[in-house]
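Only one structure is covered here, and it is reproduced in the block below.
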Amino acid sequence: MPRKPPPEPRRATAPAPLTGHERARLLAGTHHDPHALLGAHPGPGGVAIRTLRPYAKAVTVVAKGLRTELLDEGDGLFGGVLPSAQAAVSAYELVIRYGAEPGEDEVTTADPYRFLPTLGELDLHLIGEGRHEELWRALGARPMTVDGVDGTRFTVWAPNAQGVRVAGDFNYWDPTAAPMRSLGSSGVWELFLPGVGEGALYKFDIARPDGSHTLRADPMARRTECPPATASVVEASAYEWQDARWLAARTESAPHREPLSVYEVHLPSWRPGLGYRELAEQLPKYVQDLGFTHVELMPPAEHPFGGSWGYQVTGFYAPTARLGTPDDFRYLIDALHRAGIGVLMDWVPAHFPKDEWALAAFDGTPLYEHPDPARAEHPDWGTLEFDLGRREVRNFLVANAVYWCEEFHIDGLRVDAVASMLYLDYSRGEGQWTPNVYGGRENLQAVAFLQEMNATVHRRCPGVITVAEESTAWPGVTRATHHVGEDGFGGLGFGFKWNMGWMHDSLEYMSKEPVHRKYHHGEMTFSMVYAYAENYVLPISHDEVVHGKRSLVGKMPGDWWQQRANHRAYLAFMWAHPGKQLLFMGQEFAQGAEWSEGHGPDWWLLDPSYPAEPDHRGVRDLVRALNTEYAATPALWEQDTEPAGFSWVLADAAEDNVLAFLRFATDGSPLLSVSNFSPVVREGYRLGVPDRWEGWREVLNTDAARYGGSGVGNAEPLPGEGHSAHGRPASVTPVLPPLATVWLRPC
């Protein structure tokens with residue numbers, strides 16, 4: 001049968017005109033409830049329909065058995081009253097003509113202003129209370145189907161805005177026709193736009209309290225344009241995870257009593273030019289081959305300036321688009337998990353940059369930042385500090401921590417710059433800060449935030465760890481939040497803390513010529529005074545190999561052979577010391593140059609055609625051996641946080657530059673670590689050991705020839721002698737290679 005032609009459009013009768021004030025507010029984008037003026041509204045004589053379509057020549061309402069042309073009211077407004085007998089419809093569409101003639105440049109769409117709010121009362125209540133733990137499901141841009149119509153719901157928190165509109169590539173970046181409605185006192189603005197789908201670019205046009213406008217990226221955007229472009233992107237994940245076994249095992253894990261050896265990576269520069277999916281083909285294999293249990297990603301969240309390395313974040317909910325899409329990032333995480341490698345990421349809740357298109361003065365007022373300029377300004381980095389006393393801001397960050405763990409299966413968060421959050425006087429002089437209500441310097445709001453974040457993450461994501469980069473002696477960083485210490489504070493609730501003191505002291509010692517090390521011996525032993533005050537990670541991170549600090553091998557004294565020997569001895573000392581290990585990329589093969597985000601590690605050093613390639617390959621082989629022996633030796637990790645897991649054998653041999661200690665597993669099986677930080681071979685060096693074992697064998701020697709050393713070592717098992725030493729009933733007399741660390745285990 002031939003298709004029945006659509007009915008000829010009828011002309012609607014004129015609706016009641018808008019008042020001049022309402023019309024002006026609507027057109028200026030400062031109306032709090034555009035849905036009250038636009039869309040369909042029953043009234044005397046029928047249903048009044050009004051739409052705002054700038055540049056349109058005509059607009060026709062179409063429904064079942066109905067086709068009525070609206071009247072042009074000027075300024076892009078079209079309206080009309082449809083007789084009630086014809087207008088008793090809810091599912092109407094608008095045919096918008098932009099061409100001069102009928103049928104020319106026509107667009108058909110459902111009317112955005114015919115839909116009820118798509119955000120529920122529970123969501124709004126939780127947002128208002130600052131307790132929406134899945135905030136990303138309520139705010140931002142979310143593709144969905146409403147009343148059978150596909151589109152995208154846009155929501156944004158901007159409580160002090162006079163009005164908010166959506167601008168995007170779908171409306172040629174003219175937000176006039178897309179004003180959002182305010183959802184009461186929540187401060188949330190909402191609009192469902194039919195026909196807008198995944199991949200659309202958008203921003204929010206915000207009318208500030210003073211009437212001026214600002215075009216802002218979505219704080220909750222789950223995808224962004226690739227910098228330097230700054231638009232947000234509508235995102236809907238289609239990724240199907242393959243790591244169920246990994247997640248199930250993680251739930252049962254006990255990271256404090258398990259091996260944890262971390263390879264720190266800056267993804268954009270690890271292999272420059274590779275995206276997430278290409279990295280997924282190379283990074284897991286490399287890390288797995290070297291035996292690291294985890295990688296730690298420098299901040300993967302979107303950031304405008306690459307030179308910040310990700311530490312000045314503007315897109316807190318979006319993986320950086322420099323390397324691909326969010327699903328591409330999921331693919332990388334999945335690949336690491338399938339290779340048996342956990343993934344930590346650096347998370348930056350302390351501050352954010354001042355870019356005028358991002359969070360700063362978002363709705364024309366200090367919203368995410370503290371309202372006191374002296375509190376808002378971060379004195380070190382030229383950024384703004386979050387207002388952690390505002391519940392909605394705290395919610396934004398707590399939910400963000402959960403988001404990365406739940407949506408991207410991240411296994412741990414290393415929280416950046418915790419010290420700068422905890423102290424009101426951090427990098428501030430006298431008169432530049434205000435004490436808390438008790439007259440102290442502690443930032444009570446930051447303490448409450450960190451406790452809430454840790455408690456929420458650990459409750460919702462069993463097995464996920466949190467790590468604090470905290471550079472002071474704040475007590476209880478890794479104490480449970482409900483355990484109140486002598487300072488009156490509950491613990492911050494972190495799983496681990498970076499041991500910055502160990503890092504600074506030990507590197508200071510290693511930088512000295514061996515002849516001078518005896519005067520700095522305490523810098524290698526002091527860490528054991530406080531080793532069990534917290535649960536520690538020993539970090540040799542990116543911060544230690546940039547800005548003139550030199551690479552790890554570059555910090556070492558002596559000629560090239562001695563530098564490498566010191567480097568190897570130090571790594572083995574670090575792996576044996578209580579605490580988990582973290583090593584930044586490039587240091588695993590003794591890169592001589594500092595790290596640069598512009599070109600990444602000097603992989604050419606491992607090219608077989610390079611004459612010194614064996615030197616660098618030897619160090620990398622040692623790192624592989626360290627991780628292999630570490631994983632196979634419960635004494636090195638089973639009691640990492642228990643004093644029973646460690647005992648000094650020789651802590652005071654400053655004249656010899658020798659350090660020796662025992663590590664113990666829960667069943668009492670030991671490992672003896674001996675470091676000789678002098679260039680002298682020490683024959684028959686007596687060391688006290690338990691008398692339970694008849695002999696000891698060397699299981700690792702950093703001076704082995706295959707690692708680039710001189711080959712001095714203990715090839716044969718060492719018999720346990722009845723000669724007491726160092727307070728123990730038995731002893732062994734190994735040869736100590738020069739500038740080397742050896743590990744011994746019972747035969």
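Lettering and numbering for the structure tokens are positional, with chains as A, B, ... in the shown order, residues counted from 1 in each chain, and ligands counted from 1 in the shown order.
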With 10 Å as the cut-off and only C-alpha atoms counted, what is the closest atom pair between each nearby residue of region 442-559 of chain A and region 569-578 of chain A? Distances in Å to one decimal, ordered by chain and number, as CSV.
```
residue,atom,partner,partner_atom,distance
A:Trp502,CA,A:Met574,CA,9.7
A:Met503,CA,A:Met574,CA,9.5
A:Ser506,CA,A:Tyr570,CA,8.7
A:Leu507,CA,A:Tyr570,CA,8.9
A:Met510,CA,A:Tyr570,CA,7.7
A:Met524,CA,A:Phe573,CA,9.9
A:Ser527,CA,A:Pro578,CA,9.5
A:Met528,CA,A:Pro578,CA,8.4
A:Ala531,CA,A:Pro578,CA,7.3
A:Tyr532,CA,A:Pro578,CA,8.8
A:Asn535,CA,A:Pro578,CA,9.4
A:Tyr536,CA,A:Pro578,CA,7.9
A:Val537,CA,A:Pro578,CA,8.7
A:Leu538,CA,A:Met574,CA,7.4
A:Pro539,CA,A:Met574,CA,9.3
A:Ile540,CA,A:Met574,CA,9.6
A:Leu552,CA,A:Tyr570,CA,9.8
A:Val553,CA,A:Tyr570,CA,9.9
A:Met556,CA,A:Tyr570,CA,9.8
```
Counting only C-alpha atoms, what is within 7 Å of Leu215 (chain A), bar same-chain residues fewer than 2 positions away, as a list in words?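 Neighbouring residues, sequence-local ones excluded: Lys203, Phe204, Asp205, Ile206, His213 and Trp357 of chain A.
For the set A:Glu392, A:Arg271, A:Thr314, A:Pro227, the residue with the smallest atom-to-atom gap to Leu124 (chain A) is A:Glu392, counting only C-alpha atoms.
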Name the residues in contact with Gly440 (chain A) at a cut-off of 12 Å, using only C-alpha atoms, excluding same-chain residues fewer than 6 positions from it; report them as a list in words.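 These residues fall inside the cut-off: Leu422, Tyr423, Leu424, Asp425, Trp433, Thr434 and Asp487 of chain A.
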Grab the residues selected above and save them as an mmCIF file, in the first residue's frame with N, CA and C atoms.
```
data_model
loop_
_atom_site.group_PDB
_atom_site.id
_atom_site.type_symbol
_atom_site.label_atom_id
_atom_site.label_comp_id
_atom_site.auth_asym_id
_atom_site.auth_seq_id
_atom_site.Cartn_x
_atom_site.Cartn_y
_atom_site.Cartn_z
ATOM 1 N N LEU A 422 47.576 18.275 55.501
ATOM 2 C CA LEU A 422 47.389 18.070 56.936
ATOM 3 C C LEU A 422 47.705 19.304 57.779
ATOM 4 N N TYR A 423 48.532 20.209 57.261
ATOM 5 C CA TYR A 423 49.010 21.328 58.069
ATOM 6 C C TYR A 423 48.536 22.660 57.501
ATOM 7 N N LEU A 424 47.913 23.453 58.340
ATOM 8 C CA LEU A 424 47.447 24.777 57.921
ATOM 9 C C LEU A 424 48.605 25.708 57.606
ATOM 10 N N ASP A 425 49.747 25.476 58.206
ATOM 11 C CA ASP A 425 50.902 26.355 58.000
ATOM 12 C C ASP A 425 51.896 25.779 56.998
ATOM 13 N N TRP A 433 48.635 32.215 57.991
ATOM 14 C CA TRP A 433 47.685 31.129 58.213
ATOM 15 C C TRP A 433 46.926 31.374 59.510
ATOM 16 N N THR A 434 45.774 30.727 59.606
ATOM 17 C CA THR A 434 44.898 30.879 60.763
ATOM 18 C C THR A 434 44.797 29.543 61.488
ATOM 19 N N ASP A 487 47.705 11.684 70.428
ATOM 20 C CA ASP A 487 47.508 13.039 69.935
ATOM 21 C C ASP A 487 46.036 13.434 69.905
#
```
Mind checking DSSP for region 526-746 of chain A and telling me the strand (DSSP E) residues as a count of residues only? 54
Enumerate, as an NGL selection string, the complete set of residues in region 209-328 of chain A that a backbone-based DSSP assignment places in alpha helix (DSSP H). :A and (244-251 or 267-270 or 276-290 or 326-328)
If we count only C-alpha atoms and set the cut-off at 10 Å, which residues sit around region 287-294 of chain A, ignoring sequence neighbours fewer than 3 positions away in its own chain? Please answer as a CSV table (one decimal) with C-alpha atoms, in the first residue's frame.
```csv
chain,number,residue,atom,x,y,z
A,258,GLU,CA,52.6,-10.5,51.0
A,259,PRO,CA,55.3,-9.5,48.5
A,260,LEU,CA,54.8,-6.0,47.2
A,261,SER,CA,57.5,-4.7,44.8
A,262,VAL,CA,56.4,-1.7,42.7
A,263,TYR,CA,57.6,-0.4,39.3
A,264,GLU,CA,56.7,3.3,39.0
A,282,GLN,CA,54.5,-4.4,26.1
A,283,LEU,CA,54.3,-3.1,29.7
A,284,PRO,CA,52.8,-6.3,31.3
A,297,LEU,CA,51.1,4.9,37.4
A,336,LEU,CA,48.2,-6.1,33.6
A,337,HIS,CA,45.8,-8.1,35.8
A,339,ALA,CA,49.6,-11.0,33.7
A,340,GLY,CA,49.4,-11.1,37.5
A,341,ILE,CA,50.4,-7.5,38.1
A,342,GLY,CA,48.6,-5.2,40.4
A,343,VAL,CA,48.0,-1.5,39.5
A,344,LEU,CA,48.4,1.4,41.8
A,411,ASP,CA,44.2,-1.9,43.0
A,412,GLY,CA,45.6,1.0,45.1
A,581,GLN,CA,59.8,-1.5,47.5
A,582,LEU,CA,59.2,1.1,44.8
A,583,LEU,CA,61.6,1.8,41.9
A,588,GLU,CA,66.3,-0.8,36.9
A,620,ARG,CA,68.6,-5.1,35.1
A,621,ASP,CA,69.4,-8.7,35.6
A,622,LEU,CA,70.1,-8.0,39.2
A,623,VAL,CA,66.7,-6.3,39.7
A,624,ARG,CA,65.1,-9.4,38.2
A,625,ALA,CA,67.0,-11.6,40.6
A,626,LEU,CA,66.1,-9.4,43.5
A,627,ASN,CA,62.4,-9.7,42.8
A,628,THR,CA,62.7,-13.5,42.2
A,629,GLU,CA,64.5,-14.2,45.4
A,630,TYR,CA,62.3,-11.7,47.3
A,631,ALA,CA,59.1,-13.4,46.2
```
Find the residues around region 156-162 of chain A up to 9 Å (only C-alpha atoms counted), leave out those fewer than 4 positions away in its own chain, and share them as a PyMOL selection string. chain A and resi 29-32+139-141+182+185-190+204+206-211+218-220+362-365+367+392
